[in-house]
Every structure is written in C-alpha cells, then in structure tokens.
$ cat input.txt   # compact mmCIF, C-alpha atoms
# COMPACT_ATOMS: atom_id res chain seq x y z
CA MET A 17 128.15 112.21 104.87
CA ILE A 18 127.89 116.00 104.88
CA PRO A 19 131.18 117.30 106.34
CA PRO A 20 130.73 119.68 109.30
CA GLY A 21 131.70 123.29 108.86
CA GLN A 22 131.45 123.22 105.06
CA GLN A 23 128.82 124.53 102.71
CA THR A 24 126.81 121.97 100.86
CA ARG A 25 123.54 121.81 98.99
CA ILE A 26 120.55 119.51 98.88
CA GLU A 27 118.07 119.43 96.02
CA GLY A 28 114.54 118.11 96.30
CA ARG A 29 111.01 119.27 96.87
CA LEU A 30 109.30 120.67 99.94
CA ALA A 31 106.15 119.21 101.48
CA ASP A 32 104.04 121.52 99.32
CA GLY A 33 105.66 120.10 96.18
CA ARG A 34 107.91 123.05 95.29
CA PRO A 35 111.30 121.97 93.87
CA VAL A 36 114.12 123.73 95.73
CA ARG A 37 117.85 123.84 96.31
CA LEU A 38 118.92 124.23 99.94
CA ARG A 39 122.36 125.52 100.79
CA ILE A 40 123.73 124.61 104.20
CA SER A 41 126.55 126.46 105.89
CA GLY A 42 127.72 125.02 109.17
CA ASP A 43 124.64 123.90 111.10
CA ARG A 44 122.26 126.37 109.39
CA ILE A 45 120.23 126.62 106.21
CA SER A 46 121.82 129.59 104.44
CA SER A 47 119.57 129.83 101.37
CA ILE A 48 116.57 128.25 99.68
CA GLU A 49 116.17 128.68 95.93
CA GLU A 50 113.31 127.45 93.77
CA THR A 51 114.47 125.24 90.89
CA GLU A 52 113.04 123.18 88.08
CA PRO A 53 111.60 119.77 88.98
CA THR A 54 113.63 116.70 88.12
CA PRO A 55 112.70 113.01 88.18
CA ASP A 56 112.92 111.10 91.46
CA GLN A 57 113.47 114.15 93.64
CA PRO A 58 113.42 113.37 97.36
CA THR A 59 111.11 115.32 99.63
CA ILE A 60 112.98 117.57 102.09
CA LEU A 61 111.27 117.89 105.46
CA PRO A 62 112.21 119.23 108.88
CA GLY A 63 113.51 116.64 111.29
CA LEU A 64 111.00 114.94 113.55
CA VAL A 65 110.60 116.27 117.10
CA ASP A 66 109.39 113.65 119.60
CA LEU A 67 108.32 114.97 122.99
CA GLN A 68 107.74 111.54 124.57
CA VAL A 69 110.30 108.75 124.29
CA ASN A 70 110.62 106.21 127.12
CA GLY A 71 112.99 104.02 125.13
CA PHE A 72 113.54 102.34 121.79
CA ALA A 73 115.27 99.26 120.33
CA GLY A 74 116.16 97.90 123.75
CA ALA A 75 117.45 101.18 125.22
CA ASP A 76 115.38 102.14 128.27
CA VAL A 77 115.58 105.58 129.88
CA ASN A 78 113.78 104.23 132.95
CA ALA A 79 115.91 101.15 133.56
CA ASP A 80 117.58 100.89 136.95
CA ASP A 81 120.93 100.63 135.19
CA VAL A 82 120.41 103.45 132.68
CA SER A 83 123.78 104.80 131.61
CA VAL A 84 125.38 107.35 129.33
CA ALA A 85 125.81 104.55 126.78
CA THR A 86 122.04 103.88 126.95
CA VAL A 87 121.23 107.49 126.04
CA VAL A 88 123.83 107.54 123.26
CA GLU A 89 122.47 104.29 121.80
CA LEU A 90 118.89 105.55 122.05
CA THR A 91 119.79 108.82 120.31
CA ARG A 92 121.47 107.08 117.40
CA SER A 93 118.58 104.63 117.01
CA LEU A 94 116.10 107.51 116.82
CA CYS A 95 118.21 109.42 114.29
CA ARG A 96 118.06 106.36 112.06
CA ARG A 97 114.29 106.85 112.09
CA GLY A 98 114.21 110.54 111.22
CA VAL A 99 114.16 112.04 114.72
CA THR A 100 116.45 115.06 115.07
CA SER A 101 115.13 116.36 118.41
CA TYR A 102 113.55 114.48 121.30
CA CYS A 103 112.76 114.49 125.00
CA PRO A 104 113.82 111.36 126.91
CA THR A 105 110.84 110.67 129.16
CA ILE A 106 111.30 109.72 132.80
CA ILE A 107 108.20 108.15 134.30
CA THR A 108 106.89 107.86 137.85
CA ALA A 109 109.57 106.67 140.27
CA SER A 110 111.18 107.58 143.57
CA GLN A 111 112.80 111.00 143.75
CA GLU A 112 116.21 109.31 143.95
CA LYS A 113 115.65 107.38 140.72
CA ILE A 114 114.35 110.46 138.88
CA LEU A 115 117.39 112.47 140.00
CA SER A 116 119.72 109.67 138.93
CA ALA A 117 118.15 109.46 135.46
CA LEU A 118 118.39 113.25 135.05
CA ASP A 119 122.04 113.14 136.04
CA VAL A 120 122.76 110.39 133.47
CA ILE A 121 120.99 112.26 130.65
CA ALA A 122 122.86 115.47 131.50
CA ALA A 123 126.15 113.53 131.48
CA ALA A 124 125.30 112.00 128.09
CA ARG A 125 124.68 115.45 126.62
CA ALA A 126 127.98 116.68 128.03
CA SER A 127 129.93 113.72 126.63
CA ASP A 128 128.51 113.34 123.12
CA PRO A 129 127.96 116.21 120.63
CA LEU A 130 125.17 114.41 118.77
CA VAL A 131 123.29 113.76 122.01
CA ALA A 132 123.76 117.41 122.97
CA ASP A 133 122.20 118.43 119.64
CA VAL A 134 119.32 115.97 119.60
CA VAL A 135 118.26 115.76 123.27
CA VAL A 136 116.52 119.11 123.58
CA GLY A 137 115.17 118.48 127.07
CA VAL A 138 113.62 115.93 129.38
CA HIS A 139 109.94 115.13 129.83
CA VAL A 140 109.12 114.00 133.37
CA GLU A 141 105.80 112.14 133.12
CA GLY A 142 104.68 111.89 136.72
CA PRO A 143 105.05 111.14 139.52
CA TYR A 144 102.12 113.47 140.19
CA LEU A 145 99.44 111.40 138.49
CA ALA A 146 96.05 109.94 139.38
CA ASP A 147 96.42 106.82 141.50
CA ALA A 148 93.26 105.04 140.32
CA ASP A 149 93.44 102.07 137.97
CA GLY A 150 92.88 103.30 134.43
CA PRO A 151 94.10 106.89 134.66
CA ARG A 152 97.34 105.75 136.31
CA GLY A 153 98.12 103.44 133.38
CA ALA A 154 101.33 101.48 133.86
CA HIS A 155 102.82 103.95 136.34
CA ASP A 156 103.88 102.48 139.69
CA ARG A 157 101.22 103.20 142.31
CA GLN A 158 103.88 102.98 145.02
CA HIS A 159 105.53 106.17 143.77
CA VAL A 160 102.50 108.20 142.65
CA ARG A 161 102.28 111.26 144.91
CA ASP A 162 101.12 114.86 145.23
CA PRO A 163 103.04 117.61 143.40
CA ASP A 164 105.96 118.98 145.38
CA PRO A 165 107.76 122.14 144.14
CA ARG A 166 110.74 121.18 146.30
CA GLU A 167 111.27 118.11 144.14
CA LEU A 168 111.16 120.32 141.06
CA THR A 169 113.87 122.51 142.55
CA GLN A 170 116.06 119.44 143.03
CA TRP A 171 115.49 118.38 139.41
CA LEU A 172 116.61 121.79 138.22
CA ASP A 173 119.65 121.72 140.48
CA VAL A 174 120.81 118.33 139.15
CA ALA A 175 120.14 119.15 135.49
CA PRO A 176 119.95 122.94 134.99
CA GLY A 177 117.80 123.88 132.01
CA LEU A 178 117.19 120.26 131.07
CA VAL A 179 113.62 119.65 132.32
CA ARG A 180 111.42 121.11 129.59
CA LEU A 181 108.10 119.29 130.12
CA VAL A 182 106.28 117.86 133.15
CA THR A 183 103.02 115.91 132.99
CA LEU A 184 100.72 115.84 136.02
CA ALA A 185 97.11 115.18 136.98
CA PRO A 186 95.47 118.54 137.80
CA GLU A 187 93.22 117.04 140.49
CA ARG A 188 96.14 116.22 142.79
CA PRO A 189 96.32 118.45 145.89
CA GLY A 190 98.80 121.25 145.26
CA ALA A 191 98.67 120.88 141.47
CA THR A 192 97.75 124.49 140.76
CA ARG A 193 100.61 125.82 142.89
CA TYR A 194 103.02 123.41 141.20
CA VAL A 195 101.85 124.43 137.71
CA ARG A 196 102.59 128.06 138.54
CA ALA A 197 106.05 127.23 139.88
CA ALA A 198 106.95 125.08 136.87
CA THR A 199 105.63 127.66 134.42
CA GLU A 200 107.67 130.40 136.10
CA ALA A 201 110.73 128.17 135.64
CA GLY A 202 110.04 128.01 131.89
CA ILE A 203 108.72 124.45 131.92
CA VAL A 204 105.76 123.35 129.80
CA VAL A 205 103.17 121.64 131.99
CA GLY A 206 101.04 118.90 130.46
CA LEU A 207 97.84 117.41 131.85
CA GLY A 208 97.63 113.63 131.70
CA HIS A 209 96.90 110.36 133.48
CA THR A 210 93.96 112.13 135.00
CA ALA A 211 90.37 111.81 136.17
CA ALA A 212 90.00 115.56 136.68
CA THR A 213 86.78 117.50 136.61
CA PRO A 214 86.40 120.20 133.95
CA GLU A 215 86.82 122.79 136.74
CA GLN A 216 90.16 121.26 137.72
CA VAL A 217 91.29 121.29 134.08
CA ARG A 218 90.39 124.96 133.77
CA ALA A 219 92.17 125.82 137.03
CA ALA A 220 95.38 124.21 135.76
CA VAL A 221 95.12 126.07 132.45
CA HIS A 222 94.56 129.34 134.30
CA ALA A 223 97.74 128.58 136.29
CA GLY A 224 99.73 128.08 133.09
CA ALA A 225 99.29 124.47 131.81
CA ARG A 226 99.76 124.35 128.02
CA LEU A 227 99.54 120.71 126.93
CA SER A 228 97.22 117.72 127.07
CA THR A 229 99.58 114.73 127.24
CA HIS A 230 98.56 111.81 124.96
CA LEU A 231 94.93 112.94 124.98
CA GLY A 232 92.47 110.04 124.88
CA ASN A 233 94.77 107.76 126.86
CA GLY A 234 95.69 107.64 130.55
CA SER A 235 91.99 107.81 131.43
CA HIS A 236 89.15 105.69 132.74
CA ALA A 237 87.87 103.41 129.99
CA VAL A 238 84.30 104.66 130.59
CA LEU A 239 83.50 108.35 131.18
CA PRO A 240 80.27 110.31 131.63
CA ARG A 241 78.95 111.37 128.25
CA HIS A 242 79.30 114.98 129.40
CA PRO A 243 80.84 116.73 131.13
CA ASN A 244 84.23 115.02 131.31
CA HIS A 245 87.90 115.98 131.20
CA LEU A 246 88.29 115.09 127.50
CA TRP A 247 85.70 117.63 126.35
CA ALA A 248 87.17 120.21 128.75
CA GLN A 249 90.67 119.76 127.32
CA LEU A 250 89.48 119.79 123.72
CA ALA A 251 87.61 123.02 124.41
CA GLU A 252 90.56 124.83 126.01
CA GLU A 253 92.22 126.98 123.36
CA ALA A 254 95.31 127.41 125.55
CA LEU A 255 96.02 123.67 125.43
CA THR A 256 97.92 122.00 122.64
CA ALA A 257 97.24 118.25 122.60
CA SER A 258 99.62 115.37 121.93
CA PHE A 259 98.41 112.08 120.45
CA ILE A 260 99.97 108.61 120.25
CA ALA A 261 99.36 107.84 116.57
CA ASP A 262 100.67 104.27 116.64
CA GLY A 263 97.41 102.64 115.48
CA HIS A 264 96.85 100.97 118.84
CA HIS A 265 96.30 103.74 121.39
CA LEU A 266 93.68 105.64 119.37
CA PRO A 267 91.33 104.49 116.59
CA ALA A 268 91.66 106.51 113.40
CA ASP A 269 88.24 108.14 113.74
CA THR A 270 88.94 109.24 117.33
CA PHE A 271 92.33 110.63 116.34
CA THR A 272 90.82 112.46 113.36
CA ALA A 273 87.99 114.00 115.37
CA MET A 274 90.33 115.17 118.13
CA VAL A 275 92.81 116.74 115.70
CA ARG A 276 89.99 118.51 113.91
CA ALA A 277 88.74 119.83 117.25
CA LYS A 278 92.16 121.15 118.28
CA GLY A 279 93.34 122.11 114.79
CA VAL A 280 96.59 120.94 113.23
CA GLU A 281 98.37 123.99 114.65
CA ARG A 282 97.63 122.80 118.21
CA SER A 283 98.14 119.06 117.69
CA VAL A 284 101.32 117.08 118.30
CA LEU A 285 102.20 113.52 117.34
CA VAL A 286 104.30 111.58 119.84
CA SER A 287 105.55 108.03 119.78
CA ASP A 288 105.53 107.41 123.56
CA SER A 289 107.77 104.52 122.53
CA ALA A 290 108.86 101.89 125.03
CA ALA A 291 112.18 100.07 125.12
CA LEU A 292 110.79 97.19 123.04
CA ALA A 293 109.62 99.52 120.26
CA GLY A 294 111.35 98.70 117.01
CA CYS A 295 112.19 95.17 118.14
CA PRO A 296 111.50 92.10 116.01
CA PRO A 297 108.30 90.17 116.79
CA GLY A 298 108.55 87.74 119.68
CA GLU A 299 108.17 87.35 123.40
CA TYR A 300 110.46 89.36 125.64
CA HIS A 301 111.04 89.39 129.38
CA THR A 302 111.33 92.84 130.96
CA PRO A 303 112.24 93.79 134.54
CA VAL A 304 109.07 95.85 135.01
CA GLY A 305 106.36 94.42 132.77
CA GLY A 306 107.34 90.77 132.94
CA SER A 307 106.54 88.90 129.74
CA VAL A 308 105.73 91.23 126.82
CA THR A 309 104.80 90.14 123.30
CA VAL A 310 105.83 92.20 120.29
CA ASP A 311 103.44 91.56 117.39
CA ALA A 312 104.32 91.90 113.72
CA ASP A 313 102.33 95.15 113.54
CA GLY A 314 104.38 96.67 116.38
CA ARG A 315 101.77 96.27 119.08
CA LEU A 316 103.23 95.64 122.55
CA SER A 317 101.02 93.67 124.92
CA LEU A 318 101.36 91.81 128.18
CA THR A 319 101.75 88.21 127.02
CA GLY A 320 98.47 86.33 126.93
CA THR A 321 96.32 89.46 127.32
CA ASP A 322 94.95 92.34 125.25
CA LEU A 323 96.53 94.92 127.57
CA LEU A 324 98.94 97.36 125.94
CA ALA A 325 102.48 97.36 127.34
CA GLY A 326 103.41 100.73 125.85
CA SER A 327 103.88 101.99 122.32
CA GLY A 328 105.86 99.91 119.88
CA ARG A 329 106.33 102.45 117.10
CA SER A 330 108.76 105.22 116.23
CA LEU A 331 107.48 108.70 115.42
CA PHE A 332 108.22 108.06 111.74
CA ASP A 333 105.95 105.00 111.94
CA CYS A 334 103.27 107.18 113.55
CA VAL A 335 103.50 109.61 110.64
CA ARG A 336 103.07 106.75 108.19
CA TRP A 337 100.04 105.44 110.11
CA ALA A 338 98.38 108.87 110.13
CA LEU A 339 98.91 109.26 106.39
CA ARG A 340 97.55 105.80 105.70
CA GLN A 341 94.54 105.87 108.02
CA THR A 342 93.34 109.49 107.91
CA SER A 343 92.62 112.19 105.35
CA PHE A 344 95.37 114.53 106.62
CA GLY A 345 98.05 115.32 104.04
CA LEU A 346 101.82 115.08 104.32
CA ALA A 347 102.35 118.75 105.20
CA GLU A 348 99.72 118.58 107.97
CA VAL A 349 100.90 115.32 109.49
CA TRP A 350 104.56 116.25 109.32
CA SER A 351 103.87 119.64 110.94
CA MET A 352 102.24 117.86 113.89
CA ALA A 353 105.39 115.76 114.26
CA SER A 354 107.95 118.54 113.83
CA THR A 355 106.89 122.19 113.64
CA VAL A 356 104.20 122.17 116.34
CA PRO A 357 106.20 120.31 119.03
CA ALA A 358 109.27 122.47 118.37
CA ARG A 359 107.14 125.59 118.74
CA LEU A 360 105.64 124.27 121.99
CA LEU A 361 109.15 124.03 123.42
CA GLY A 362 109.90 127.56 122.25
CA SER A 363 112.48 126.40 119.68
CA ALA A 364 111.72 128.40 116.54
CA GLU A 365 114.94 127.22 114.87
CA ARG A 366 113.82 123.59 114.83
CA GLY A 367 110.97 121.86 113.03
CA VAL A 368 111.06 124.17 110.00
CA VAL A 369 112.79 124.37 106.65
CA ALA A 370 113.68 128.07 106.49
CA VAL A 371 116.69 130.31 105.99
CA GLY A 372 118.48 130.66 109.32
CA ALA A 373 116.91 127.55 110.81
CA ARG A 374 119.01 124.63 112.01
CA ALA A 375 119.79 122.20 109.23
CA ASP A 376 117.90 119.40 110.98
CA LEU A 377 116.34 117.63 108.03
CA VAL A 378 115.05 114.34 106.74
CA LEU A 379 114.91 113.25 103.12
CA VAL A 380 112.14 110.89 102.16
CA ARG A 381 110.94 109.29 98.97
CA GLY A 382 107.27 109.87 98.17
CA PRO A 383 104.53 109.91 98.96
CA ASP A 384 103.26 110.29 95.39
CA GLY A 385 99.54 110.57 94.85
CA PRO A 386 96.91 110.37 97.57
CA PRO A 387 98.31 109.61 101.04
CA ARG A 388 96.40 106.33 101.25
CA GLN A 389 98.17 105.04 98.14
CA ALA A 390 101.78 105.68 99.15
CA GLU A 391 103.78 106.33 102.28
CA PRO A 392 107.07 108.16 102.75
CA GLY A 393 110.23 106.09 102.99
CA LEU A 394 113.21 107.44 104.92
CA LEU A 395 116.32 108.15 102.84
CA ALA A 396 118.52 110.25 105.14
CA THR A 397 118.64 112.15 108.43
CA VAL A 398 120.66 115.36 108.78
CA VAL A 399 121.41 116.88 112.20
CA GLY A 400 122.99 120.33 112.34
CA GLY A 401 124.15 120.04 108.74
CA VAL A 402 125.74 116.61 109.23
CA ALA A 403 124.25 113.47 107.68
CA VAL A 404 123.93 111.01 110.55
CA HIS A 405 121.96 108.35 108.69
CA ALA A 406 121.49 107.31 105.08
CA GLY A 407 119.52 104.39 103.70
CA ASN A 408 116.63 102.33 105.01
CA SER A 409 116.21 101.99 108.77
CA PRO A 410 117.92 98.82 109.96
CA SER A 411 116.18 96.14 111.96
CA ALA A 412 116.62 96.74 115.66
CA GLU A 413 118.61 94.46 117.90
CA CYS A 414 116.94 94.42 121.28
CA ALA A 415 117.95 93.60 124.76
CA GLY A 416 116.07 90.73 126.40
CA ALA A 417 115.54 87.20 125.23
CA ALA A 418 112.87 86.56 122.66
CA GLY A 419 110.82 83.46 123.23

$ encode --input "input.txt" --output "structure tokens"
Amino acid sequence: MIPPGQQTRIEGRLADGRPVRLRISGDRISSIEETEPTPDQPTILPGLVDLQVNGFAGADVNADDVSVATVVELTRSLCRRGVTSYCPTIITASQEKILSALDVIAAARASDPLVADVVVGVHVEGPYLADADGPRGAHDRQHVRDPDPRELTQWLDVAPGLVRLVTLAPERPGATRYVRAATEAGIVVGLGHTAATPEQVRAAVHAGARLSTHLGNGSHAVLPRHPNHLWAQLAEEALTASFIADGHHLPADTFTAMVRAKGVERSVLVSDSAALAGCPPGEYHTPVGGSVTVDADGRLSLTGTDLLAGSGRSLFDCVRWALRQTSFGLAEVWSMASTVPARLLGSAERGVVAVGARADLVLVRGPDGPPRQAEPGLLATVVGGVAVHAGNSPSAECAGAAG
C-alpha cells in the first residue's frame, strides 16, 4: 500500500510508450520524469471514470433496501476493477424513492473517505423518458413522467452538489425548460431513452444538453433510414456521446462508426453495469427482473429469452472489448474511459496523468503489440495517492441464489 501523506514514486510507461517516473506527494502527482526503459514495466494510466453504474457484484443502487453499506461495497468492488471515479446511477422511480437513494449516497460519502473520493456525483437516468416500448427500455412505465423542475429542486436540497448528470427524453412536454434549469444548476443533461425528432434533439441542445446517453440503445429497434434521432445526435457538435462497450449492446462495427463520427474527444465509454455484473455464470432471481441468466461471456438476459437484462461488464472489461474488437489503440480507448468523461463533468484534475493532477491511477500489464493480440491486465488501483487494490480482480460474490 502507498501510505497517505507521504511522497512515493511509481515507475512505468505511459500510454504512448514513454518510460517515466512519477512522484506522488499527498493525493497529487508532484513530478513526472522521463527515464530509461526497463523490462516488464507496467503501463501507468489515469483511473477509469464511469458515468453510469446501476450496480455491480450484487450491490444495487436502485434496490428498495439500498444502504450506506451497499454504496461502500459497490465502491470497493469498482476500485478492484480500475475505477477511481464514478456516478452511481438512479433510474426511473417515484420521487420518494429517488430522494431516498440520493440521501443514502450522500450519507455514504459523508461516512467513508474512499466513497467521498470516488463517488464524484450521481447520474439520475429518468424518470423523464419516453414511455413507449423500446425507447423506455427496462424503466418502469408506472413512474415515467414529464420533466418537473420542482423535483430537481428537491433533489438538490436533499443532496447539495451531488446530482451531476440527468438523462431525459427531449420530446417530453417541458423538456426544454427543464434542460435550461438543470444546466443553470451546473448539471450535465443527457438525451436518452428517446424517440425524439431531429428538431426536438436540436431544441434540447440549444437549451444546453451536452450528452447523448448510451447512444444506439434506448431506442426503437427499427427507425426511418433518415431522418432519425441517431443521425441528429451524431451530427450535433455540442453533444458528447456515451457508449456501452460491453460487446452486447452495440456491435463492433456500429460502435466504431459512431466513435469515428463523434471523434474520440467527444466519445465516452460507460459500463451501465447492473447489480449482477461481475457475478459468476448462473441463474439469479432479482426483485425487479425476475429470473436473470448470467452467461460465461458476461451477458445478462431474462432467463429463456434473448432480451438483455442490463450490462454485465465493468468499465475495465469494456476497455478490453474495445481493444480486442476495434482498431482503436490503448491511448484512444483509455481516454474515452477516463479523460473525456472527467472533462465532461468539469473535473480537469481527474482522468489525466499530469503534474498537479490527482494521483488517481491504474497500473496494467501490456498490452504489447497490436491491440488485437494482447489486452491489458489490471495490476493495481491508486486513489488519491493511496493503493486501494493490488493484484488480479477477484471473482465476485453476488447476492441472490444461483440456479
């Protein structure tokens, strides 16, 4: 472990291959010096920043009984997989349940220093989403509703400064007014779970929307060739786009084409992981989805069907998939999973390896050679200058009985 409050150093190579020596003082990188290469140097990368985490390894942010212990457990599980900053994601629910979850997350940050460091905000995905089958996804139709700035005010009262991202469907009545109110409060507004017209997309962007949430998902399965909301969002330069790169939500060619359209600098990888993500293969029984099967490749599906039951991968797994299945290199893929999301949240001190930045780092082995021939393996996670994980990620132990 790296002791807090002391200066230490880490030697390795950056994503571009340069061998360096990093000195860490307190929670900051105090210097970076180029050195001579040595055998078996680890690669030093900024910690992963995941803007969309519903749960992981049995911990569920949206459970009726979510507790401080749930958030602490979730945070530690994610750190073991290279995540040093994340947004717990509260999905469509009653206002009372959303307020309760916000209160629990705020209490977890107040009670645990690691949670305070790693939970950089909350993503509220809904409840202002399209109510049609397809765009609505797995969100509860009973609680889908029109945007209400009064509800936003209550969120901010319960958890001041904690709500950093809200996803809504821009076609809902009152969406434009809500986007303006949220933007004025310093919240990033994402467009998602939508069947909007291009005009409605543009109106939301004009009002301040800055993100397309998991673009390519949360949509009707069949769209007009053109125009449609996907083309409109890809064309909007003001919109960064997030993508679920788990190998199940988007085919590799679709993911590649969309990233090329947006550019790496406006593309974000998210896990959108569910509570059963990271769990061993088997059949599980969940309060909301009923019977869910976890396959060996991490796919989550409603048992006996081909329907996805959420994402079953960590962000580190998504990085590995993108390196294996696309032509993007390590520096590009890692930037989409660290630098770009941190910048979207306005946190210039995270997601970078630079003097003065937070010492939120991961050390990986490889990849050596072309990305398709080798994938990075996680060696250590450092949060604020303190090593919080070392060694291979352990197998998850998940709540719920496997069949």

$ residues_around --input "input.txt" --residues "segment 82-90 of chain A" --least-positions-apart "3" --cutoff "8 Å" --atoms "only C-alpha atoms" --output "list in words"
Gly71, Phe72, Ala73, Ala75, Asp76, Val77, Asn78, Ala79, Ser93, Leu94, Ala117, Val120, Ile121, Ala123, Ala124, Asp128 and Val131 of chain A

$ residues_around --input "input.txt" --residues "Gly314 of chain A" --least-positions-apart "5" --cutoff "10 Å" --atoms "all atoms listed in the file" --output "ChimeraX atom specification"
/A:262-264,292-297,309,327-330,333

$ write_last_selection --input "input.txt" --atoms "C-alpha atoms" --output "short mmCIF file (atom, residue, chain, number, x, y, z; two decimals), keeping the file's coordinate frame"
data_model
loop_
_atom_site.label_atom_id
_atom_site.label_comp_id
_atom_site.auth_asym_id
_atom_site.auth_seq_id
_atom_site.Cartn_x
_atom_site.Cartn_y
_atom_site.Cartn_z
CA ASP A 262 100.67 104.27 116.64
CA GLY A 263 97.41 102.64 115.48
CA HIS A 264 96.85 100.97 118.84
CA LEU A 292 110.79 97.19 123.04
CA ALA A 293 109.62 99.52 120.26
CA GLY A 294 111.35 98.70 117.01
CA CYS A 295 112.19 95.17 118.14
CA PRO A 296 111.50 92.10 116.01
CA PRO A 297 108.30 90.17 116.79
CA THR A 309 104.80 90.14 123.30
CA SER A 327 103.88 101.99 122.32
CA GLY A 328 105.86 99.91 119.88
CA ARG A 329 106.33 102.45 117.10
CA SER A 330 108.76 105.22 116.23
CA ASP A 333 105.95 105.00 111.94
#

$ residues_around --input "input.txt" --residues "Asp119 of chain A" --least-positions-apart "3" --cutoff "10 Å" --atoms "only C-alpha atoms" --output "PDB file with C-alpha atoms, in the frame of the given file"
ATOM      1  CA  SER A  83     123.780 104.800 131.610  1.00  0.00           C
ATOM      2  CA  VAL A  84     125.380 107.350 129.330  1.00  0.00           C
ATOM      3  CA  LYS A 113     115.650 107.380 140.720  1.00  0.00           C
ATOM      4  CA  ILE A 114     114.350 110.460 138.880  1.00  0.00           C
ATOM      5  CA  LEU A 115     117.390 112.470 140.000  1.00  0.00           C
ATOM      6  CA  SER A 116     119.720 109.670 138.930  1.00  0.00           C
ATOM      7  CA  ALA A 122     122.860 115.470 131.500  1.00  0.00           C
ATOM      8  CA  ALA A 123     126.150 113.530 131.480  1.00  0.00           C
ATOM      9  CA  ALA A 124     125.300 112.000 128.090  1.00  0.00           C
ATOM     10  CA  TRP A 171     115.490 118.380 139.410  1.00  0.00           C
ATOM     11  CA  ASP A 173     119.650 121.720 140.480  1.00  0.00           C
ATOM     12  CA  VAL A 174     120.810 118.330 139.150  1.00  0.00           C
ATOM     13  CA  ALA A 175     120.140 119.150 135.490  1.00  0.00           C
ATOM     14  CA  LEU A 178     117.190 120.260 131.070  1.00  0.00           C
TER      15      LEU A 178
END

$ closest_residue --input "input.txt" --among "A:Cys95, A:Leu168, A:Ile45, A:Leu250" --to "Ala277 of chain A" --atoms "all atoms listed in the file"
A:Leu250

$ atom_distance --input "input.txt" --atom1 "atom CA of Ala406 of chain A" --atom2 "atom CA of Ser351 of chain A"
22.3 Å

$ atom_distance --input "input.txt" --atom1 "atom CA of Leu227 of chain A" --atom2 "atom CA of Ala257 of chain A"
5.5 Å

$ residues_around --input "input.txt" --residues "Ala154 of chain A" --least-positions-apart "5" --cutoff "10 Å" --atoms "only C-alpha atoms" --output "ChimeraX atom specification"
/A:107-108,149,209,234,304-305,324-326

$ closest_residue --input "input.txt" --among "A:Val217, A:Val204, A:Leu30, A:Ala191" --to "Pro243 of chain A" --atoms "only C-alpha atoms"
A:Val217

$ residues_around --input "input.txt" --residues "segment 361-373 of chain A" --least-positions-apart "5" --cutoff "10 Å" --atoms "all atoms listed in the file" --output "ChimeraX atom specification"
/A:30-31,38-41,43-48,60-65,67,100-101,136-137,180-181,202-204,350-356,400

$ closest_residue --input "input.txt" --among "A:Val179, A:Val402, A:Arg193, A:Phe344" --to "Arg25 of chain A" --atoms "all atoms listed in the file"
A:Val402

$ residues_near_point --input "input.txt" --point "(98.2, 113.8, 129.9)" --cutoff "12 Å" --atoms "only C-alpha atoms" --output "ChimeraX atom specification"
/A:68,139-142,144-146,151-153,181-186,205-212,217,225-235,245-246,249,255-260,286,288

$ write_last_selection --input "input.txt" --atoms "C-alpha atoms" --output "PDB file, keeping the file's coordinate frame"
ATOM      1  CA  GLN A  68     107.740 111.540 124.570  1.00  0.00           C
ATOM      2  CA  HIS A 139     109.940 115.130 129.830  1.00  0.00           C
ATOM      3  CA  VAL A 140     109.120 114.000 133.370  1.00  0.00           C
ATOM      4  CA  GLU A 141     105.800 112.140 133.120  1.00  0.00           C
ATOM      5  CA  GLY A 142     104.680 111.890 136.720  1.00  0.00           C
ATOM      6  CA  TYR A 144     102.120 113.470 140.190  1.00  0.00           C
ATOM      7  CA  LEU A 145      99.440 111.400 138.490  1.00  0.00           C
ATOM      8  CA  ALA A 146      96.050 109.940 139.380  1.00  0.00           C
ATOM      9  CA  PRO A 151      94.100 106.890 134.660  1.00  0.00           C
ATOM     10  CA  ARG A 152      97.340 105.750 136.310  1.00  0.00           C
ATOM     11  CA  GLY A 153      98.120 103.440 133.380  1.00  0.00           C
ATOM     12  CA  LEU A 181     108.100 119.290 130.120  1.00  0.00           C
ATOM     13  CA  VAL A 182     106.280 117.860 133.150  1.00  0.00           C
ATOM     14  CA  THR A 183     103.020 115.910 132.990  1.00  0.00           C
ATOM     15  CA  LEU A 184     100.720 115.840 136.020  1.00  0.00           C
ATOM     16  CA  ALA A 185      97.110 115.180 136.980  1.00  0.00           C
ATOM     17  CA  PRO A 186      95.470 118.540 137.800  1.00  0.00           C
ATOM     18  CA  VAL A 205     103.170 121.640 131.990  1.00  0.00           C
ATOM     19  CA  GLY A 206     101.040 118.900 130.460  1.00  0.00           C
ATOM     20  CA  LEU A 207      97.840 117.410 131.850  1.00  0.00           C
ATOM     21  CA  GLY A 208      97.630 113.630 131.700  1.00  0.00           C
ATOM     22  CA  HIS A 209      96.900 110.360 133.480  1.00  0.00           C
ATOM     23  CA  THR A 210      93.960 112.130 135.000  1.00  0.00           C
ATOM     24  CA  ALA A 211      90.370 111.810 136.170  1.00  0.00           C
ATOM     25  CA  ALA A 212      90.000 115.560 136.680  1.00  0.00           C
ATOM     26  CA  VAL A 217      91.290 121.290 134.080  1.00  0.00           C
ATOM     27  CA  ALA A 225      99.290 124.470 131.810  1.00  0.00           C
ATOM     28  CA  ARG A 226      99.760 124.350 128.020  1.00  0.00           C
ATOM     29  CA  LEU A 227      99.540 120.710 126.930  1.00  0.00           C
ATOM     30  CA  SER A 228      97.220 117.720 127.070  1.00  0.00           C
ATOM     31  CA  THR A 229      99.580 114.730 127.240  1.00  0.00           C
ATOM     32  CA  HIS A 230      98.560 111.810 124.960  1.00  0.00           C
ATOM     33  CA  LEU A 231      94.930 112.940 124.980  1.00  0.00           C
ATOM     34  CA  GLY A 232      92.470 110.040 124.880  1.00  0.00           C
ATOM     35  CA  ASN A 233      94.770 107.760 126.860  1.00  0.00           C
ATOM     36  CA  GLY A 234      95.690 107.640 130.550  1.00  0.00           C
ATOM     37  CA  SER A 235      91.990 107.810 131.430  1.00  0.00           C
ATOM     38  CA  HIS A 245      87.900 115.980 131.200  1.00  0.00           C
ATOM     39  CA  LEU A 246      88.290 115.090 127.500  1.00  0.00           C
ATOM     40  CA  GLN A 249      90.670 119.760 127.320  1.00  0.00           C
ATOM     41  CA  LEU A 255      96.020 123.670 125.430  1.00  0.00           C
ATOM     42  CA  THR A 256      97.920 122.000 122.640  1.00  0.00           C
ATOM     43  CA  ALA A 257      97.240 118.250 122.600  1.00  0.00           C
ATOM     44  CA  SER A 258      99.620 115.370 121.930  1.00  0.00           C
ATOM     45  CA  PHE A 259      98.410 112.080 120.450  1.00  0.00           C
ATOM     46  CA  ILE A 260      99.970 108.610 120.250  1.00  0.00           C
ATOM     47  CA  VAL A 286     104.300 111.580 119.840  1.00  0.00           C
ATOM     48  CA  ASP A 288     105.530 107.410 123.560  1.00  0.00           C
TER      49      ASP A 288
END

$ atom_distance --input "input.txt" --atom1 "atom CA of Trp247 of chain A" --atom2 "atom CA of Pro214 of chain A"
8.1 Å
